[in-house]
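These notes concern the structure reproduced below.
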Amino acid sequence: MHEDLGFEKLLSEDGFFAHLLGRSPSGAGRDPLYGPDLPVVLLTGGPGMGKGRLLHAVRDHFATKVPVVRLDCGSPVYAHRAGPEPGARSSATEALVEMARRLCTWQGTGGSFAFPRLFAGLAVIATGAAEGTPAAVATEVERYEELPQKRRLPGLRTGDFWKGVVSGSLQNLLTAMAGQALDPYSAAVGNALLEALFQSLAPRGMVELGRVYGGYPGAAGQPMHGLSNLAADFQARGEARELAEGFLFRALREDLEAAYASASGWLRRVGRPALLLDHAESSLGERLLRAVLTDRRGGQRDRVVIVGTARRADGGAFLHGGLPPEEVASPAEFRPSDCGPPEWSRRLGGGSERAPLADGVLLLRMPFLTGDQLRRETERRQTRGEPEGGANRRRIDAAVARLSGGRPHTVIRLADAAAAFRMSADANDRDLLEAPLRLPGDSATERPVADVLLQELLMDQLPVGLPTEHRGEWLDLLTHLSVAHDEECADVLLRHHQSGHVNRLTAHQVSKLLTDTGWPSCERHFVGDFGLRQMLVHRLYGLRPDGAAWYADHHLLRDHYAEAAADGRPPDSGAFGSVIAHRMNHHLVSGGTADVADHLAATLPGRPREWCAELLEIAQAPYPGGADARRERAQGLVTPEGPALRRTVDQLLHAVWLCEERTRPTGQETARTLAKLLELLSIMEFDGAGQLGKVATYWSGLAANEQPLLRCACTEQLGRRG
């Protein structure tokens with residue numbers, strides 16, 4: 001896998017990250033972007049867009065020149081480490097300790113870092129150790145003994161006013177408390193630890209702890225009070241613990257800032273340190289982001305570059321203070337294809353404490369691959385010659401482009417699977433989804449590439465808010481929902497497939513979960529990402545023999561909208577102009593083509609404009625698996641029954657269906673077929689027939705250029721990325 005694929009401009013010698021960090025990958029200095037009030041940069045994009053891959057690449061390109069730490073906030077390791085001592089640790093404190101430990105070993109320009117301010121806070125929360133005895137607290141504090149003291153080369157004088165803080169604190173604590181019988185969590189343990197800590201510090205250390213922890217809520221400038229309050233809040237759990245964790249994150253950044261702002265740091269250190277938070281949409285990631293954004297909103301300044309990931313396009317609901325979407329002011333953003341990063345400054349309106357956290361964010365929109373990048377990725381993987389003169393490769397390129405939509409991870413997987421795959425010129429793109437793929441490091445197992453992608457894009461990246469009881473059925477539910485168009489349609493399917501469940505998901509909840517995970521929405525398709533929908537449709541057809549699951553879902557929806565039409569109900573969304581068109585759409589793809597052709601032939605006279613819109617709505621549907629005779633039917637090679645009007649409408653229906661499915665090339669041949677059929681209709685004897693001549697010109701021009709006849713959000717995405 002190319003780690004730089006799609007990111008070359010961002011990672012270049014004069015790219016965005018070089019200026020954000022103040023150093024290029026080669027080590028040359030760069031004028032730093034922004035500051036002293038730095039934005040938190042959030043990489044936004046759904047599954048497969050390469051957010052984690054970009055963070056890896058940033059670390060690999062820059063970590064030898066400036067201190068860069070990447071943390072996986074979605075990993076369970078931090079909760080596991082906190083488990084043995086839940087009163088003295090949390091996933092957040094374990095993450096902070098890991099950041100600090102990695103920076104303690106930094107060997108680049110300026111040398112390693114020390115974290116005495118962070119150590120002081122960790123030491124006082126250690127009083128929550130399970131037994132609450134001096135020995136238990138001392139054992140817990142010993143976990144952090146390498147943090148407050150900077151590593152020095154042998155023979156060099158340290159001159160560090162934090163010298164001896166660990167050994168002095170522990171020794172004094174054990175001496176003071178030895179032989180005393182104390183109840184667990186006795187205040188005497190905490191008081192003794194604080195006294196030992198402050199006794200071991202030089203005057204400069206006292207002043208510095210006073211500056212940092214004297215600012216803790218309720219401390220009134222007294223560091224001992226601040227540390228005591230921090231320990232009490234940590235023990236209280238809930239929001240109070242989150243406040244304490246956020247302050248510990250501030251202490252870590254204060255330690256980094258001190259290393260740069262000191263006289264020796266100013267002379268020896270270069271660039272800016274960076275903390276890269278992967279899977280920052282997780283609970284841990286959100287808490288860390290919230291803490292730094294709240295601090296910076298309140299005027300706290302440091303030079304630490306914070307780069308996180310965000311699945312949602314708006315960066316995350318927590319950034320917007322609970323405001324409804326229509327009242328949300330979008331954060332500043334840019335795309336790698338822009339000429340350069342935007343100017344950024346914090347909004348001043350509304351008062352700093354009430355301003356949404358989004359004001360402190362800069363969104364970096366993850367790039368889709370361009371057509372040229374996509375073609376290069378597929379071409380370099382082709383392992384056989386091209387006896388068809390390159391026709392197979394061009395067909396593969398087109399299938400990968402449409403099925404992936406330019407989503408980098410999907411491109412890479414499909415291109416790997418297609419390396420030795422052959423596609424006929426008339427093949428459906430979904431045929432490629434059956435191509436076998438062997439993952440790196442697994443020499444024995446081959447799986448259809450669709451199965452691999454659904455596992456990686458859906459099951460390995462479940463929505464953060466998905467209830468536990470629905471995790472095992474998430475893929476199956478979305479598979480059935482792949483044939484839905486709007487929330488009413490989706491709710492019909494969900495009620496059927498969750499029958500008997502006590503706690504059921506609604507279509508609104510599923511839609512929100514998809515949005516939270518970063519999948520796009522579409523006004524005409526419930527699953528709004530074209531490529532994901534094709535994989536789910538492909539899976540649906542194969543769930544049961546002969547596409548039985550496919551037909552059952554469409555029959556369910558067909559019958560629902562037949563009842564709605566009989567009741568005279570209006571359509572529930574903008575996906576269809578009428579419930580009859582919605583019913584006919586599901587009838588078309590479940591074996592009712594003859595009935596649909598009859599309906600269209602009967603309703604054309606006198607209403608050509610409305611009829612054309614209805615035809616496009618009905619034909620916006622995937623084709624089931626198995627043999628596909630639509631092209632032959634459209635060209636009249638299979639003769640339909642009935643009078644001339646009905647026969648021509650039948651042919652036109654199949655031609656439009658080919659164009660609307662968007663999983664086969666259309667091109668000049670289909671364009672000529674469309675034009676011919678519409679022109680035939682335009683000279684027939686019925687009211688409004690002449691209006692179809694203009695439609696013939698318009699539709700055939702779109703088909704000749706592989707453009708959709710009925711546009712929606714997901715077909716627009718295909719047009720922009722192909």
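Chain identifiers are assigned as A, B, and so on, following the order in which chains appear in the structure tokens; residues are numbered from 1 within each chain, and ligands are numbered from 1 in order of appearance.
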
Could you give me, as a ChimeraX atom specification, the residues within 12 Å of Asp338 in chain A, counting only C-alpha atoms and dropping anything in the same chain fewer than 4 positions from it? /A:9-10,15-16,333-334,342,364-367

Write the residues of the preceding selection, restricted to all heavy atoms, as a short mmCIF file (atom, residue, chain, number, x, y, z; two decimals), in the first residue's frame.
data_model
loop_
_atom_site.label_atom_id
_atom_site.label_comp_id
_atom_site.auth_asym_id
_atom_site.auth_seq_id
_atom_site.Cartn_x
_atom_site.Cartn_y
_atom_site.Cartn_z
N LYS A 9 0.89 16.13 -1.75
CA LYS A 9 0.95 17.58 -1.58
C LYS A 9 0.99 17.97 -0.10
O LYS A 9 1.70 18.90 0.30
CB LYS A 9 -0.25 18.22 -2.27
CG LYS A 9 -0.21 19.73 -2.35
CD LYS A 9 -1.37 20.25 -3.19
CE LYS A 9 -1.35 21.77 -3.28
NZ LYS A 9 -2.50 22.28 -4.09
N LEU A 10 0.24 17.25 0.72
CA LEU A 10 0.20 17.56 2.15
C LEU A 10 1.54 17.30 2.83
O LEU A 10 1.92 18.00 3.77
CB LEU A 10 -0.87 16.70 2.84
CG LEU A 10 -2.33 17.04 2.54
CD1 LEU A 10 -3.23 15.94 3.08
CD2 LEU A 10 -2.71 18.38 3.15
N GLY A 15 4.73 21.61 2.07
CA GLY A 15 3.31 21.34 2.20
C GLY A 15 2.72 21.80 3.52
O GLY A 15 3.39 22.42 4.37
N PHE A 16 1.47 21.45 3.71
CA PHE A 16 0.72 21.91 4.89
C PHE A 16 1.39 21.48 6.19
O PHE A 16 1.58 22.29 7.10
CB PHE A 16 -0.71 21.36 4.82
CG PHE A 16 -1.50 21.60 6.07
CD1 PHE A 16 -1.95 22.88 6.39
CD2 PHE A 16 -1.81 20.56 6.94
CE1 PHE A 16 -2.69 23.11 7.55
CE2 PHE A 16 -2.54 20.79 8.09
CZ PHE A 16 -2.99 22.06 8.40
N GLU A 333 -12.24 25.31 6.98
CA GLU A 333 -11.85 24.06 6.35
C GLU A 333 -11.01 24.32 5.11
O GLU A 333 -11.00 25.42 4.57
CB GLU A 333 -13.09 23.25 5.96
CG GLU A 333 -13.93 23.91 4.86
CD GLU A 333 -15.05 23.00 4.39
OE1 GLU A 333 -16.03 22.82 5.15
OE2 GLU A 333 -14.95 22.47 3.27
N PHE A 334 -10.32 23.28 4.69
CA PHE A 334 -9.65 23.33 3.40
C PHE A 334 -9.46 21.92 2.87
O PHE A 334 -9.59 20.93 3.60
CB PHE A 334 -8.32 24.08 3.48
CG PHE A 334 -7.16 23.26 4.00
CD1 PHE A 334 -6.19 22.77 3.14
CD2 PHE A 334 -7.02 23.01 5.36
CE1 PHE A 334 -5.12 22.03 3.63
CE2 PHE A 334 -5.96 22.28 5.85
CZ PHE A 334 -5.01 21.78 4.98
N PRO A 342 -6.23 27.81 4.51
CA PRO A 342 -6.90 29.10 4.67
C PRO A 342 -6.30 29.91 5.80
O PRO A 342 -5.60 29.39 6.68
CB PRO A 342 -8.33 28.68 5.00
CG PRO A 342 -8.15 27.39 5.75
CD PRO A 342 -7.00 26.70 5.07
N LEU A 364 -9.61 19.53 7.85
CA LEU A 364 -8.88 19.15 6.64
C LEU A 364 -9.67 18.03 5.98
O LEU A 364 -9.74 16.92 6.50
CB LEU A 364 -7.46 18.68 6.98
CG LEU A 364 -6.44 18.57 5.84
CD1 LEU A 364 -5.03 18.38 6.41
CD2 LEU A 364 -6.73 17.42 4.88
N ARG A 365 -10.29 18.33 4.85
CA ARG A 365 -11.11 17.35 4.15
C ARG A 365 -10.22 16.33 3.45
O ARG A 365 -9.41 16.68 2.60
CB ARG A 365 -12.00 18.04 3.11
CG ARG A 365 -12.92 19.11 3.68
CD ARG A 365 -13.97 18.52 4.58
NE ARG A 365 -15.00 19.50 4.95
CZ ARG A 365 -15.86 19.35 5.92
NH1 ARG A 365 -15.83 18.23 6.63
NH2 ARG A 365 -16.75 20.26 6.20
N MET A 366 -10.37 15.07 3.81
CA MET A 366 -9.54 14.04 3.21
C MET A 366 -9.82 13.92 1.72
O MET A 366 -10.97 13.93 1.30
CB MET A 366 -9.78 12.70 3.90
CG MET A 366 -9.38 12.71 5.37
SD MET A 366 -7.64 13.08 5.61
CE MET A 366 -6.92 11.62 4.92
N PRO A 367 -8.78 13.80 0.91
CA PRO A 367 -8.98 13.83 -0.55
C PRO A 367 -9.41 12.49 -1.12
O PRO A 367 -8.91 11.43 -0.72
CB PRO A 367 -7.58 14.21 -1.07
CG PRO A 367 -6.64 13.65 -0.05
CD PRO A 367 -7.35 13.78 1.28
#

Exercise: Leu481 in chain A partners within 8 Å, only C-alpha atoms, chain neighbours under 5 positions left out, as a ChimeraX atom specification: /A:490,493-494,526-527

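Within 9 Å of range 290-297 of chain A, once only C-alpha atoms are used and residues closer than 4 positions along the same chain are dropped, the contacting residues are Asp37, Leu38, Pro39, Val40, Glu242, Leu243, Glu245, Gly246, Phe247, Phe249, Arg250, Gly285, Glu286, Arg301, Asp302, Ile306, Phe318, Leu319, Arg346, Ser352, Glu353, Ala355, Pro356, Leu357, Ala358, Asp359, Gly360 and Val361 of chain A.
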
Include N, CA and C atoms and write out the residues we just selected as an mmCIF file, in the first residue's frame.
data_model
loop_
_atom_site.group_PDB
_atom_site.id
_atom_site.type_symbol
_atom_site.label_atom_id
_atom_site.label_comp_id
_atom_site.auth_asym_id
_atom_site.auth_seq_id
_atom_site.Cartn_x
_atom_site.Cartn_y
_atom_site.Cartn_z
ATOM 1 N N ASP A 37 -2.241 31.215 18.956
ATOM 2 C CA ASP A 37 -3.488 30.490 19.193
ATOM 3 C C ASP A 37 -3.656 29.468 18.075
ATOM 4 N N LEU A 38 -3.252 28.242 18.345
ATOM 5 C CA LEU A 38 -3.266 27.206 17.309
ATOM 6 C C LEU A 38 -4.638 26.545 17.203
ATOM 7 N N PRO A 39 -5.102 26.274 15.985
ATOM 8 C CA PRO A 39 -6.314 25.466 15.855
ATOM 9 C C PRO A 39 -5.995 23.993 16.073
ATOM 10 N N VAL A 40 -6.989 23.251 16.507
ATOM 11 C CA VAL A 40 -6.906 21.799 16.453
ATOM 12 C C VAL A 40 -7.295 21.383 15.041
ATOM 13 N N GLU A 242 -13.634 13.904 34.423
ATOM 14 C CA GLU A 242 -13.262 14.440 33.114
ATOM 15 C C GLU A 242 -12.561 15.788 33.254
ATOM 16 N N LEU A 243 -13.020 16.611 34.228
ATOM 17 C CA LEU A 243 -12.346 17.886 34.490
ATOM 18 C C LEU A 243 -10.904 17.645 34.924
ATOM 19 N N GLU A 245 -9.031 14.948 34.337
ATOM 20 C CA GLU A 245 -8.271 14.400 33.205
ATOM 21 C C GLU A 245 -7.874 15.500 32.229
ATOM 22 N N GLY A 246 -8.812 16.420 31.970
ATOM 23 C CA GLY A 246 -8.497 17.526 31.073
ATOM 24 C C GLY A 246 -7.379 18.397 31.615
ATOM 25 N N PHE A 247 -7.358 18.591 32.935
ATOM 26 C CA PHE A 247 -6.295 19.407 33.526
ATOM 27 C C PHE A 247 -4.955 18.691 33.444
ATOM 28 N N PHE A 249 -4.080 16.779 31.016
ATOM 29 C CA PHE A 249 -3.655 16.988 29.631
ATOM 30 C C PHE A 249 -3.046 18.383 29.489
ATOM 31 N N ARG A 250 -3.625 19.357 30.183
ATOM 32 C CA ARG A 250 -3.030 20.699 30.157
ATOM 33 C C ARG A 250 -1.629 20.684 30.769
ATOM 34 N N GLY A 285 -10.925 9.812 22.639
ATOM 35 C CA GLY A 285 -10.476 10.875 21.742
ATOM 36 C C GLY A 285 -11.280 12.142 21.916
ATOM 37 N N GLU A 286 -12.595 11.992 22.047
ATOM 38 C CA GLU A 286 -13.436 13.171 22.220
ATOM 39 C C GLU A 286 -13.099 13.896 23.515
ATOM 40 N N ARG A 301 -2.597 29.008 26.039
ATOM 41 C CA ARG A 301 -1.834 28.969 24.793
ATOM 42 C C ARG A 301 -0.645 28.031 24.925
ATOM 43 N N ASP A 302 -0.419 27.238 23.908
ATOM 44 C CA ASP A 302 0.772 26.392 23.839
ATOM 45 C C ASP A 302 1.062 26.131 22.373
ATOM 46 N N ILE A 306 -2.023 19.687 17.617
ATOM 47 C CA ILE A 306 -2.960 18.585 17.857
ATOM 48 C C ILE A 306 -3.660 18.284 16.542
ATOM 49 N N PHE A 318 -20.149 17.203 19.212
ATOM 50 C CA PHE A 318 -19.736 17.841 20.469
ATOM 51 C C PHE A 318 -19.119 19.219 20.244
ATOM 52 N N LEU A 319 -18.701 19.500 19.025
ATOM 53 C CA LEU A 319 -18.072 20.794 18.732
ATOM 54 C C LEU A 319 -19.083 21.935 18.670
ATOM 55 N N ARG A 346 -9.594 32.686 15.526
ATOM 56 C CA ARG A 346 -10.751 32.317 16.345
ATOM 57 C C ARG A 346 -11.840 33.370 16.217
ATOM 58 N N SER A 352 -16.144 34.238 24.944
ATOM 59 C CA SER A 352 -15.253 33.095 24.786
ATOM 60 C C SER A 352 -15.779 31.845 25.470
ATOM 61 N N GLU A 353 -16.387 31.972 26.648
ATOM 62 C CA GLU A 353 -16.826 30.788 27.372
ATOM 63 C C GLU A 353 -18.060 30.153 26.754
ATOM 64 N N ALA A 355 -18.698 30.382 23.347
ATOM 65 C CA ALA A 355 -18.458 30.099 21.932
ATOM 66 C C ALA A 355 -18.377 28.592 21.719
ATOM 67 N N PRO A 356 -18.895 28.096 20.609
ATOM 68 C CA PRO A 356 -18.795 26.658 20.348
ATOM 69 C C PRO A 356 -17.338 26.239 20.178
ATOM 70 N N LEU A 357 -17.048 25.014 20.578
ATOM 71 C CA LEU A 357 -15.682 24.514 20.442
ATOM 72 C C LEU A 357 -15.240 24.479 18.987
ATOM 73 N N ALA A 358 -16.191 24.449 18.066
ATOM 74 C CA ALA A 358 -15.856 24.415 16.641
ATOM 75 C C ALA A 358 -15.050 25.632 16.215
ATOM 76 N N ASP A 359 -15.140 26.727 16.969
ATOM 77 C CA ASP A 359 -14.366 27.921 16.624
ATOM 78 C C ASP A 359 -12.863 27.677 16.716
ATOM 79 N N GLY A 360 -12.465 26.652 17.459
ATOM 80 C CA GLY A 360 -11.041 26.365 17.610
ATOM 81 C C GLY A 360 -10.539 25.265 16.703
ATOM 82 N N VAL A 361 -11.326 24.937 15.659
ATOM 83 C CA VAL A 361 -11.024 23.788 14.813
ATOM 84 C C VAL A 361 -10.752 24.228 13.383
#

From a DSSP calculation on the backbone, collect every residue of range 24-118 of chain A in helix (DSSP H, G or I) and output the set as a ChimeraX atom specification. /A:51-62,77-82,91-104,116-118

Identify, on the basis of only C-alpha atoms, every residue whose closest approach to range 47-49 of chain A does not exceed 8 Å; exclude the query and any residue fewer than 5 positions from it along the same chain; express the result as a PDB file with N, CA, C and O atoms, in the first residue's frame.
ATOM      1  N   ARG A 311     -14.899  11.399  11.847  1.00  0.00           N
ATOM      2  CA  ARG A 311     -15.675  10.767  10.789  1.00  0.00           C
ATOM      3  C   ARG A 311     -16.721  11.720  10.220  1.00  0.00           C
ATOM      4  O   ARG A 311     -16.921  11.786   9.019  1.00  0.00           O
ATOM      5  N   MET A 366     -10.369  15.066   3.806  1.00  0.00           N
ATOM      6  CA  MET A 366      -9.535  14.038   3.211  1.00  0.00           C
ATOM      7  C   MET A 366      -9.816  13.922   1.720  1.00  0.00           C
ATOM      8  O   MET A 366     -10.973  13.930   1.296  1.00  0.00           O
ATOM      9  N   PRO A 367      -8.776  13.802   0.911  1.00  0.00           N
ATOM     10  CA  PRO A 367      -8.979  13.829  -0.546  1.00  0.00           C
ATOM     11  C   PRO A 367      -9.412  12.486  -1.120  1.00  0.00           C
ATOM     12  O   PRO A 367      -8.912  11.435  -0.724  1.00  0.00           O
ATOM     13  N   PHE A 368     -10.363  12.542  -2.041  1.00  0.00           N
ATOM     14  CA  PHE A 368     -10.639  11.387  -2.889  1.00  0.00           C
ATOM     15  C   PHE A 368      -9.554  11.327  -3.965  1.00  0.00           C
ATOM     16  O   PHE A 368      -8.958  12.343  -4.329  1.00  0.00           O
ATOM     17  N   ARG A 407     -12.665   6.529  -3.190  1.00  0.00           N
ATOM     18  CA  ARG A 407     -12.331   6.297  -1.776  1.00  0.00           C
ATOM     19  C   ARG A 407     -11.030   5.489  -1.737  1.00  0.00           C
ATOM     20  O   ARG A 407     -10.986   4.345  -2.200  1.00  0.00           O
ATOM     21  N   PRO A 408      -9.935   6.038  -1.194  1.00  0.00           N
ATOM     22  CA  PRO A 408      -8.612   5.429  -1.378  1.00  0.00           C
ATOM     23  C   PRO A 408      -8.518   3.967  -0.970  1.00  0.00           C
ATOM     24  O   PRO A 408      -7.968   3.148  -1.700  1.00  0.00           O
ATOM     25  N   HIS A 409      -9.036   3.608   0.205  1.00  0.00           N
ATOM     26  CA  HIS A 409      -8.897   2.225   0.657  1.00  0.00           C
ATOM     27  C   HIS A 409      -9.645   1.274  -0.270  1.00  0.00           C
ATOM     28  O   HIS A 409      -9.147   0.180  -0.584  1.00  0.00           O
ATOM     29  N   THR A 410     -10.823   1.683  -0.730  1.00  0.00           N
ATOM     30  CA  THR A 410     -11.584   0.836  -1.645  1.00  0.00           C
ATOM     31  C   THR A 410     -10.859   0.700  -2.970  1.00  0.00           C
ATOM     32  O   THR A 410     -10.821  -0.387  -3.565  1.00  0.00           O
ATOM     33  N   LEU A 457     -14.758  -1.789   6.125  1.00  0.00           N
ATOM     34  CA  LEU A 457     -15.414  -0.479   6.102  1.00  0.00           C
ATOM     35  C   LEU A 457     -16.605  -0.388   7.043  1.00  0.00           C
ATOM     36  O   LEU A 457     -16.953   0.710   7.492  1.00  0.00           O
ATOM     37  N   LEU A 458     -17.247  -1.515   7.323  1.00  0.00           N
ATOM     38  CA  LEU A 458     -18.434  -1.485   8.180  1.00  0.00           C
ATOM     39  C   LEU A 458     -18.193  -2.128   9.543  1.00  0.00           C
ATOM     40  O   LEU A 458     -18.311  -1.476  10.574  1.00  0.00           O
ATOM     41  N   GLN A 461     -15.384  -0.730  11.634  1.00  0.00           N
ATOM     42  CA  GLN A 461     -15.550   0.694  11.951  1.00  0.00           C
ATOM     43  C   GLN A 461     -17.009   0.955  12.309  1.00  0.00           C
ATOM     44  O   GLN A 461     -17.662   1.799  11.702  1.00  0.00           O
ATOM     45  N   THR A 517     -20.790   8.117  11.309  1.00  0.00           N
ATOM     46  CA  THR A 517     -19.651   7.305  10.886  1.00  0.00           C
ATOM     47  C   THR A 517     -18.960   7.902   9.675  1.00  0.00           C
ATOM     48  O   THR A 517     -17.888   7.430   9.279  1.00  0.00           O
ATOM     49  N   GLY A 518     -19.549   8.918   9.071  1.00  0.00           N
ATOM     50  CA  GLY A 518     -18.896   9.591   7.953  1.00  0.00           C
ATOM     51  C   GLY A 518     -19.394   9.190   6.589  1.00  0.00           C
ATOM     52  O   GLY A 518     -18.829   9.618   5.573  1.00  0.00           O
ATOM     53  N   TRP A 519     -20.458   8.377   6.521  1.00  0.00           N
ATOM     54  CA  TRP A 519     -21.007   8.026   5.214  1.00  0.00           C
ATOM     55  C   TRP A 519     -21.869   9.167   4.698  1.00  0.00           C
ATOM     56  O   TRP A 519     -22.624   9.770   5.458  1.00  0.00           O
TER      57      TRP A 519
END

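Of the listed residues (A:Asp429, A:Asp4, A:Asp687, A:Glu632), A:Asp429 comes nearest to Met535 in chain A; the distances count only C-alpha atoms.
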
Please measure the separation of CA of His508 in chain A and CA of Gly52 in chain A, giving the value in Å to one decimal. 28.8 Å

Set the distance at 8 Å and use only C-alpha atoms: which residues neighbour range 600-606 of chain A once local chain neighbours fewer than 6 positions away are removed? I'd like the list as a PyMOL selection string. chain A and resi 615+645-646+649+686-689

Produce a file of the selected residues containing N, CA and C atoms, as a tab-separated table (two decimals), in the first residue's frame.
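Heads up, here's the output in result20.tsv:
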chain	number	residue	atom	x	y	z
A	615	LEU	N	-40.58	8.14	-15.29
A	615	LEU	CA	-39.77	7.07	-15.88
A	615	LEU	C	-38.38	7.03	-15.24
A	645	LEU	N	-46.80	1.64	-29.44
A	645	LEU	CA	-46.50	2.51	-28.30
A	645	LEU	C	-45.97	1.68	-27.13
A	646	ARG	N	-46.64	0.59	-26.85
A	646	ARG	CA	-46.23	-0.23	-25.71
A	646	ARG	C	-44.88	-0.86	-25.96
A	649	VAL	N	-42.17	1.87	-25.57
A	649	VAL	CA	-42.01	2.23	-24.16
A	649	VAL	C	-41.22	1.14	-23.43
A	686	PHE	N	-50.23	10.95	-30.21
A	686	PHE	CA	-50.84	11.16	-28.89
A	686	PHE	C	-50.47	12.56	-28.42
A	687	ASP	N	-51.24	13.09	-27.51
A	687	ASP	CA	-51.05	14.46	-27.04
A	687	ASP	C	-49.66	14.63	-26.41
A	688	GLY	N	-48.95	15.66	-26.83
A	688	GLY	CA	-47.65	15.99	-26.25
A	688	GLY	C	-46.49	15.20	-26.80
A	689	ALA	N	-46.72	14.35	-27.80
A	689	ALA	CA	-45.64	13.51	-28.32
A	689	ALA	C	-44.47	14.35	-28.82

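The shell of residues at most 9 Å from Ala232 in chain A, with only C-alpha atoms counted and near chain neighbours (fewer than 4 positions) removed, consists of Ile125, Leu227, Ser228, Ala236, Ala240, Arg241 and Ala244 of chain A.
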
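The residue that comes closest to Pro463 in chain A, out of A:Arg312, A:Arg204, A:Arg447, A:Arg438 and on the basis of only C-alpha atoms, is A:Arg312.
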
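One finds CA of Asp553 in chain A at 18.7 Å from CA of His501 in chain A.
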
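Taking only C-alpha atoms into account, Tyr216 in chain A lies nearest to A:Gly121 out of the set A:Gly83, A:Pro448, A:Gly121, A:Gly667.
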